[in-house]
Amino acid sequence: MLQFLVSDKNLCYTPVQQAEIAIAGGCRWIHIPSGLSQTELDVIENRCRDAGVFLTIDDDEELTNKRRFHGVLLNGGHVKPALDVRRSLGPHAVVGVEVEDASILPSLMKDDIDYAVYDVDRNGLDEAFAFASESGKRHVPLVARGIKLTKDNVMNLMNAGFNGVLTSGEVLDSALPTEAVKSLTDELHARF
């Protein structure tokens, strides 16, 4: 599964253009950073709803509730406990949590958390493989996040035990980004 990570720091494409590229390439899950402008939020939300694409946001459960986004990803600096966020959003919302230690995965299942994200950019590729190995029996789906993950890295992470990737940088750097999204999405669907 590909979660397309929209960046507010990409100079080649605006956040709206990034979402449009992902949707045109067949990606079914868009993840946006908190802090986008109201206009950007409106356009991305409408594009996702029109295309039937899943939409999540970083750290902002209030905006998720207000806008009825599909869910939220709680990053390492988030201060509200995941269980409180789950209670606030209700059972229909998808709640992800950034993790660095496989030992907390059982508690995430107990707190009704839907997926765990491991940051490859911060921790490194070798550590990501070790994390997948340490996770053993899955308690929650594992997603590897990395801005510049190559297609080979994505496939290696999936083979190591991750259930999905949250990425976009390598795709947006390609000459034909829509086709790059389609190629990555198709290969993930065919192989996993």
# chains A, B, ... in the order shown; residues from 1 in each chain; ligands from 1

$ select_by_dssp --residues "segment 7-177 of chain A" --states "strand (DSSP E)" --output "VMD selection string"
chain A and resid 29 to 32 54 to 58 71 to 74 94 to 98 115 to 119 142 to 145 164 to 167

$ write_last_selection --atoms "N, CA, C and O atoms" --output "short mmCIF file (atom, residue, chain, number, x, y, z; two decimals), in the first residue's frame"
data_model
loop_
_atom_site.label_atom_id
_atom_site.label_comp_id
_atom_site.auth_asym_id
_atom_site.auth_seq_id
_atom_site.Cartn_x
_atom_site.Cartn_y
_atom_site.Cartn_z
N TRP A 29 -4.47 6.77 -1.19
CA TRP A 29 -4.31 7.31 0.16
C TRP A 29 -3.37 8.51 0.09
O TRP A 29 -2.21 8.37 -0.30
N ILE A 30 -3.87 9.68 0.46
CA ILE A 30 -3.08 10.91 0.50
C ILE A 30 -2.91 11.30 1.96
O ILE A 30 -3.87 11.31 2.73
N HIS A 31 -1.67 11.64 2.32
CA HIS A 31 -1.39 12.11 3.68
C HIS A 31 -0.81 13.52 3.59
O HIS A 31 0.14 13.75 2.85
N ILE A 32 -1.42 14.45 4.34
CA ILE A 32 -1.00 15.85 4.27
C ILE A 32 -0.40 16.31 5.60
O ILE A 32 -0.76 15.81 6.65
N PHE A 54 -8.60 8.14 0.21
CA PHE A 54 -8.46 8.24 1.65
C PHE A 54 -7.59 9.44 1.97
O PHE A 54 -6.56 9.66 1.32
N LEU A 55 -7.94 10.25 2.99
CA LEU A 55 -7.19 11.45 3.34
C LEU A 55 -6.91 11.48 4.84
O LEU A 55 -7.83 11.41 5.66
N THR A 56 -5.62 11.57 5.19
CA THR A 56 -5.20 11.70 6.59
C THR A 56 -4.28 12.91 6.73
O THR A 56 -3.73 13.41 5.75
N ILE A 57 -4.11 13.34 7.99
CA ILE A 57 -3.31 14.53 8.28
C ILE A 57 -2.42 14.26 9.49
O ILE A 57 -2.74 13.43 10.34
N ASP A 58 -1.31 14.99 9.56
CA ASP A 58 -0.41 14.92 10.71
C ASP A 58 -1.00 15.60 11.93
O ASP A 58 -1.40 16.78 11.86
N GLY A 71 -8.64 10.22 8.89
CA GLY A 71 -7.85 9.90 10.07
C GLY A 71 -6.69 10.84 10.29
O GLY A 71 -6.52 11.85 9.60
N VAL A 72 -5.86 10.46 11.26
CA VAL A 72 -4.75 11.29 11.70
C VAL A 72 -3.54 10.39 11.99
O VAL A 72 -3.70 9.25 12.40
N LEU A 73 -2.35 10.95 11.76
CA LEU A 73 -1.11 10.28 12.14
C LEU A 73 -0.46 11.10 13.24
O LEU A 73 -0.17 12.28 13.05
N LEU A 74 -0.27 10.47 14.39
CA LEU A 74 0.36 11.13 15.53
C LEU A 74 1.87 10.91 15.47
O LEU A 74 2.35 9.79 15.59
N VAL A 94 -9.32 6.50 11.28
CA VAL A 94 -8.08 5.73 11.25
C VAL A 94 -7.02 6.52 12.01
O VAL A 94 -6.80 7.70 11.71
N VAL A 95 -6.40 5.87 12.99
CA VAL A 95 -5.39 6.53 13.81
C VAL A 95 -4.07 5.78 13.67
O VAL A 95 -4.00 4.58 13.93
N GLY A 96 -3.06 6.51 13.22
CA GLY A 96 -1.71 5.97 13.13
C GLY A 96 -0.82 6.63 14.15
O GLY A 96 -1.08 7.77 14.57
N VAL A 97 0.23 5.94 14.56
CA VAL A 97 1.16 6.46 15.56
C VAL A 97 2.58 6.20 15.08
O VAL A 97 2.91 5.07 14.68
N GLU A 98 3.42 7.22 15.15
CA GLU A 98 4.83 7.05 14.85
C GLU A 98 5.49 6.30 16.00
O GLU A 98 5.25 6.63 17.17
N TYR A 115 -2.44 1.68 12.72
CA TYR A 115 -1.15 1.38 12.09
C TYR A 115 -0.03 2.13 12.80
O TYR A 115 -0.26 3.13 13.47
N ALA A 116 1.18 1.61 12.64
CA ALA A 116 2.38 2.22 13.23
C ALA A 116 3.30 2.65 12.11
O ALA A 116 3.47 1.94 11.12
N VAL A 117 3.89 3.83 12.24
CA VAL A 117 4.80 4.38 11.24
C VAL A 117 6.21 4.43 11.80
O VAL A 117 6.43 4.92 12.91
N TYR A 118 7.14 3.92 11.01
CA TYR A 118 8.56 3.94 11.39
C TYR A 118 9.27 4.89 10.43
O TYR A 118 9.19 4.71 9.21
N ASP A 119 9.96 5.89 10.95
CA ASP A 119 10.61 6.92 10.14
C ASP A 119 11.99 6.46 9.67
O ASP A 119 12.95 6.45 10.43
N LEU A 142 2.48 -2.16 9.82
CA LEU A 142 3.67 -1.30 9.88
C LEU A 142 3.83 -0.55 8.57
O LEU A 142 3.76 -1.14 7.50
N VAL A 143 4.08 0.75 8.67
CA VAL A 143 4.28 1.60 7.51
C VAL A 143 5.64 2.27 7.63
O VAL A 143 5.96 2.85 8.68
N ALA A 144 6.45 2.19 6.59
CA ALA A 144 7.76 2.83 6.56
C ALA A 144 7.61 4.21 5.91
O ALA A 144 7.08 4.32 4.82
N ARG A 145 8.07 5.23 6.63
CA ARG A 145 8.00 6.59 6.08
C ARG A 145 9.40 7.04 5.69
O ARG A 145 10.34 6.93 6.48
N GLY A 164 3.20 -1.24 4.28
CA GLY A 164 2.99 -0.10 3.39
C GLY A 164 4.11 0.90 3.53
O GLY A 164 5.00 0.75 4.36
N VAL A 165 4.06 1.92 2.66
CA VAL A 165 5.05 2.99 2.68
C VAL A 165 4.34 4.34 2.59
O VAL A 165 3.30 4.47 1.94
N LEU A 166 4.92 5.32 3.26
CA LEU A 166 4.46 6.70 3.24
C LEU A 166 5.60 7.50 2.63
O LEU A 166 6.61 7.75 3.30
N THR A 167 5.47 7.84 1.34
CA THR A 167 6.59 8.44 0.63
C THR A 167 6.09 9.28 -0.54
O THR A 167 4.92 9.20 -0.91
#

$ select_by_dssp --residues "chain A" --states "helix (DSSP H, G or I)" --output "PyMOL selection string"
chain A and resi 15-24+38-51+61-67+82-89+102-110+120-123+125-135+151-160+169-172+177-191

$ residues_around --residues "segment 173-188 of chain A" --least-positions-apart "6" --cutoff "7 Å" --atoms "only C-alpha atoms" --output "PyMOL selection string"
chain A and resi 1-2+21-22+24-27+151

$ write_last_selection --atoms "N, CA and C atoms" --output "PDB file, in the first residue's frame"
ATOM      1  N   MET A   1       0.836  -1.170   0.000  1.00  0.00           N
ATOM      2  CA  MET A   1       0.000   0.000   0.000  1.00  0.00           C
ATOM      3  C   MET A   1       0.888   1.243   0.000  1.00  0.00           C
ATOM      4  N   LEU A   2       0.545   2.156  -0.886  1.00  0.00           N
ATOM      5  CA  LEU A   2       1.249   3.434  -0.956  1.00  0.00           C
ATOM      6  C   LEU A   2       0.395   4.516  -0.318  1.00  0.00           C
ATOM      7  N   ILE A  21      -1.177  14.796  -8.664  1.00  0.00           N
ATOM      8  CA  ILE A  21      -0.275  13.817  -9.292  1.00  0.00           C
ATOM      9  C   ILE A  21      -0.539  12.428  -8.718  1.00  0.00           C
ATOM     10  N   ALA A  22      -0.633  12.354  -7.393  1.00  0.00           N
ATOM     11  CA  ALA A  22      -0.859  11.057  -6.738  1.00  0.00           C
ATOM     12  C   ALA A  22      -2.192  10.450  -7.160  1.00  0.00           C
ATOM     13  N   ALA A  24      -3.983  11.110  -9.879  1.00  0.00           N
ATOM     14  CA  ALA A  24      -3.923  10.753 -11.300  1.00  0.00           C
ATOM     15  C   ALA A  24      -3.128   9.466 -11.521  1.00  0.00           C
ATOM     16  N   GLY A  25      -2.148   9.214 -10.648  1.00  0.00           N
ATOM     17  CA  GLY A  25      -1.342   7.998 -10.750  1.00  0.00           C
ATOM     18  C   GLY A  25      -1.982   6.772 -10.117  1.00  0.00           C
ATOM     19  N   GLY A  26      -3.166   6.939  -9.538  1.00  0.00           N
ATOM     20  CA  GLY A  26      -3.886   5.799  -8.985  1.00  0.00           C
ATOM     21  C   GLY A  26      -3.672   5.550  -7.504  1.00  0.00           C
ATOM     22  N   CYS A  27      -3.006   6.467  -6.807  1.00  0.00           N
ATOM     23  CA  CYS A  27      -2.815   6.303  -5.370  1.00  0.00           C
ATOM     24  C   CYS A  27      -4.150   6.502  -4.673  1.00  0.00           C
ATOM     25  N   LYS A 151      12.368   3.002  -5.384  1.00  0.00           N
ATOM     26  CA  LYS A 151      11.468   1.873  -5.618  1.00  0.00           C
ATOM     27  C   LYS A 151      12.079   0.584  -5.069  1.00  0.00           C
TER      28      LYS A 151
END

$ closest_residue --among "A:Gly35, A:Gly52, A:Gly169, A:Pro15" --to "His70 of chain A" --atoms "only C-alpha atoms"
A:Gly52

$ closest_atom_pairs --of "segment 65-182 of chain A" --to "segment 38-49 of chain A" --cutoff "12 Å" --atoms "only C-alpha atoms" --output "JSON lines"
{"residue": "A:Arg67", "atom": "CA", "partner": "A:Glu45", "partner_atom": "CA", "distance": 8.6}
{"residue": "A:Arg68", "atom": "CA", "partner": "A:Glu45", "partner_atom": "CA", "distance": 9.7}
{"residue": "A:Phe69", "atom": "CA", "partner": "A:Glu45", "partner_atom": "CA", "distance": 8.0}
{"residue": "A:His70", "atom": "CA", "partner": "A:Arg49", "partner_atom": "CA", "distance": 10.4}

$ atom_distance --atom1 "atom CA of Gly136 of chain A" --atom2 "atom CA of Arg87 of chain A"
28.0 Å

$ residues_around --residues "Asp152 of chain A" --least-positions-apart "4" --cutoff "12 Å" --atoms "only C-alpha atoms" --output "PDB file with C-alpha atoms, in the first residue's frame"
ATOM      1  CA  LEU A 125      17.323   1.830   6.331  1.00  0.00           C
ATOM      2  CA  LYS A 148      13.391   9.795  -0.803  1.00  0.00           C
ATOM      3  CA  ASN A 156      12.954  -4.336   0.158  1.00  0.00           C
ATOM      4  CA  LEU A 157      11.066  -2.787   3.091  1.00  0.00           C
ATOM      5  CA  MET A 158       7.868  -4.565   2.040  1.00  0.00           C
ATOM      6  CA  ASN A 159       9.760  -7.852   1.743  1.00  0.00           C
ATOM      7  CA  GLU A 170      11.535   9.891  -5.348  1.00  0.00           C
ATOM      8  CA  LEU A 184       4.961   2.094  -7.848  1.00  0.00           C
ATOM      9  CA  GLU A 187       4.006  -3.007  -8.456  1.00  0.00           C
ATOM     10  CA  LEU A 188       2.927  -2.831  -4.802  1.00  0.00           C
TER      11      LEU A 188
END

$ closest_residue --among "A:Asn153, A:Ser168, A:Ser88, A:Ser135" --to "Lys66 of chain A" --atoms "only C-alpha atoms"
A:Ser88

$ decode --residues "segment 47-140 of chain A" --atoms "C-alpha atoms" --output "PDB file, in the first residue's frame"
ATOM      1  CA  ARG A  47     -10.082  16.233  -4.969  1.00  0.00           C
ATOM      2  CA  CYS A  48      -9.783  13.294  -2.581  1.00  0.00           C
ATOM      3  CA  ARG A  49     -13.540  13.066  -1.973  1.00  0.00           C
ATOM      4  CA  ASP A  50     -14.303  13.282  -5.716  1.00  0.00           C
ATOM      5  CA  ALA A  51     -11.794  10.516  -6.452  1.00  0.00           C
ATOM      6  CA  GLY A  52     -12.748   8.339  -3.467  1.00  0.00           C
ATOM      7  CA  VAL A  53      -9.238   8.707  -2.034  1.00  0.00           C
ATOM      8  CA  PHE A  54      -8.459   8.245   1.654  1.00  0.00           C
ATOM      9  CA  LEU A  55      -7.185  11.452   3.343  1.00  0.00           C
ATOM     10  CA  THR A  56      -5.205  11.699   6.585  1.00  0.00           C
ATOM     11  CA  ILE A  57      -3.310  14.533   8.276  1.00  0.00           C
ATOM     12  CA  ASP A  58      -0.411  14.919  10.709  1.00  0.00           C
ATOM     13  CA  ASP A  59      -1.177  15.458  14.401  1.00  0.00           C
ATOM     14  CA  ASP A  60      -4.415  17.448  14.116  1.00  0.00           C
ATOM     15  CA  GLU A  61      -7.338  15.459  15.518  1.00  0.00           C
ATOM     16  CA  GLU A  62      -9.449  18.616  15.909  1.00  0.00           C
ATOM     17  CA  LEU A  63      -9.178  19.413  12.199  1.00  0.00           C
ATOM     18  CA  THR A  64      -9.724  15.739  11.395  1.00  0.00           C
ATOM     19  CA  ASN A  65     -12.981  15.811  13.360  1.00  0.00           C
ATOM     20  CA  LYS A  66     -14.094  19.168  11.988  1.00  0.00           C
ATOM     21  CA  ARG A  67     -13.350  18.362   8.326  1.00  0.00           C
ATOM     22  CA  ARG A  68     -14.266  14.687   8.646  1.00  0.00           C
ATOM     23  CA  PHE A  69     -10.938  13.519   7.247  1.00  0.00           C
ATOM     24  CA  HIS A  70     -10.469   9.764   7.344  1.00  0.00           C
ATOM     25  CA  GLY A  71      -7.848   9.905  10.072  1.00  0.00           C
ATOM     26  CA  VAL A  72      -4.754  11.285  11.704  1.00  0.00           C
ATOM     27  CA  LEU A  73      -1.108  10.281  12.135  1.00  0.00           C
ATOM     28  CA  LEU A  74       0.358  11.127  15.534  1.00  0.00           C
ATOM     29  CA  ASN A  75       4.040  11.913  15.174  1.00  0.00           C
ATOM     30  CA  GLY A  76       6.710  11.626  17.873  1.00  0.00           C
ATOM     31  CA  GLY A  77       6.236  15.166  19.186  1.00  0.00           C
ATOM     32  CA  HIS A  78       2.483  14.768  19.661  1.00  0.00           C
ATOM     33  CA  VAL A  79       1.570  15.258  23.301  1.00  0.00           C
ATOM     34  CA  LYS A  80      -1.964  13.862  23.556  1.00  0.00           C
ATOM     35  CA  PRO A  81      -2.044  10.089  24.225  1.00  0.00           C
ATOM     36  CA  ALA A  82      -3.147   7.973  21.283  1.00  0.00           C
ATOM     37  CA  LEU A  83      -6.015   6.437  23.261  1.00  0.00           C
ATOM     38  CA  ASP A  84      -7.431   9.926  23.941  1.00  0.00           C
ATOM     39  CA  VAL A  85      -7.205  10.755  20.238  1.00  0.00           C
ATOM     40  CA  ARG A  86      -9.015   7.508  19.412  1.00  0.00           C
ATOM     41  CA  ARG A  87     -11.789   8.409  21.855  1.00  0.00           C
ATOM     42  CA  SER A  88     -12.043  11.920  20.409  1.00  0.00           C
ATOM     43  CA  LEU A  89     -12.265  10.743  16.795  1.00  0.00           C
ATOM     44  CA  GLY A  90     -14.414   7.686  17.371  1.00  0.00           C
ATOM     45  CA  PRO A  91     -14.165   4.155  16.023  1.00  0.00           C
ATOM     46  CA  HIS A  92     -14.662   5.103  12.368  1.00  0.00           C
ATOM     47  CA  ALA A  93     -11.456   7.188  12.127  1.00  0.00           C
ATOM     48  CA  VAL A  94      -8.079   5.726  11.246  1.00  0.00           C
ATOM     49  CA  VAL A  95      -5.391   6.532  13.807  1.00  0.00           C
ATOM     50  CA  GLY A  96      -1.714   5.966  13.130  1.00  0.00           C
ATOM     51  CA  VAL A  97       1.165   6.463  15.555  1.00  0.00           C
ATOM     52  CA  GLU A  98       4.831   7.048  14.846  1.00  0.00           C
ATOM     53  CA  VAL A  99       6.991   4.510  16.706  1.00  0.00           C
ATOM     54  CA  GLU A 100      10.679   3.799  17.169  1.00  0.00           C
ATOM     55  CA  ASP A 101      10.509   0.764  19.420  1.00  0.00           C
ATOM     56  CA  ALA A 102       8.818  -2.501  18.458  1.00  0.00           C
ATOM     57  CA  SER A 103       8.042  -3.262  22.099  1.00  0.00           C
ATOM     58  CA  ILE A 104       5.170  -0.737  22.128  1.00  0.00           C
ATOM     59  CA  LEU A 105       3.267  -2.434  19.292  1.00  0.00           C
ATOM     60  CA  PRO A 106       1.134  -4.629  21.608  1.00  0.00           C
ATOM     61  CA  SER A 107      -0.046  -1.548  23.515  1.00  0.00           C
ATOM     62  CA  LEU A 108      -1.086   0.124  20.273  1.00  0.00           C
ATOM     63  CA  MET A 109      -3.389  -2.779  19.524  1.00  0.00           C
ATOM     64  CA  LYS A 110      -4.895  -2.468  23.002  1.00  0.00           C
ATOM     65  CA  ASP A 111      -5.482   1.255  22.379  1.00  0.00           C
ATOM     66  CA  ASP A 112      -7.248   0.460  19.069  1.00  0.00           C
ATOM     67  CA  ILE A 113      -4.562   2.095  16.936  1.00  0.00           C
ATOM     68  CA  ASP A 114      -4.776   1.175  13.253  1.00  0.00           C
ATOM     69  CA  TYR A 115      -1.152   1.381  12.094  1.00  0.00           C
ATOM     70  CA  ALA A 116       2.377   2.215  13.228  1.00  0.00           C
ATOM     71  CA  VAL A 117       4.796   4.383  11.236  1.00  0.00           C
ATOM     72  CA  TYR A 118       8.561   3.944  11.387  1.00  0.00           C
ATOM     73  CA  ASP A 119      10.607   6.919  10.136  1.00  0.00           C
ATOM     74  CA  VAL A 120      13.315   5.586   7.822  1.00  0.00           C
ATOM     75  CA  ASP A 121      14.741   9.059   7.121  1.00  0.00           C
ATOM     76  CA  ARG A 122      15.477   9.652  10.803  1.00  0.00           C
ATOM     77  CA  ASN A 123      16.496   6.126  11.808  1.00  0.00           C
ATOM     78  CA  GLY A 124      18.094   4.685   8.675  1.00  0.00           C
ATOM     79  CA  LEU A 125      17.323   1.830   6.331  1.00  0.00           C
ATOM     80  CA  ASP A 126      19.265  -0.839   8.242  1.00  0.00           C
ATOM     81  CA  GLU A 127      17.460   0.098  11.455  1.00  0.00           C
ATOM     82  CA  ALA A 128      14.121  -0.146   9.612  1.00  0.00           C
ATOM     83  CA  PHE A 129      14.922  -3.724   8.583  1.00  0.00           C
ATOM     84  CA  ALA A 130      15.890  -4.526  12.182  1.00  0.00           C
ATOM     85  CA  PHE A 131      12.649  -2.934  13.423  1.00  0.00           C
ATOM     86  CA  ALA A 132      10.583  -5.111  11.073  1.00  0.00           C
ATOM     87  CA  SER A 133      12.447  -8.192  12.257  1.00  0.00           C
ATOM     88  CA  GLU A 134      11.977  -7.281  15.940  1.00  0.00           C
ATOM     89  CA  SER A 135       8.275  -6.695  15.400  1.00  0.00           C
ATOM     90  CA  GLY A 136       7.759 -10.396  14.799  1.00  0.00           C
ATOM     91  CA  LYS A 137       4.060 -11.203  14.912  1.00  0.00           C
ATOM     92  CA  ARG A 138       2.223  -8.111  13.781  1.00  0.00           C
ATOM     93  CA  HIS A 139      -0.030  -6.434  16.272  1.00  0.00           C
ATOM     94  CA  VAL A 140      -0.731  -3.504  13.966  1.00  0.00           C
TER      95      VAL A 140
END
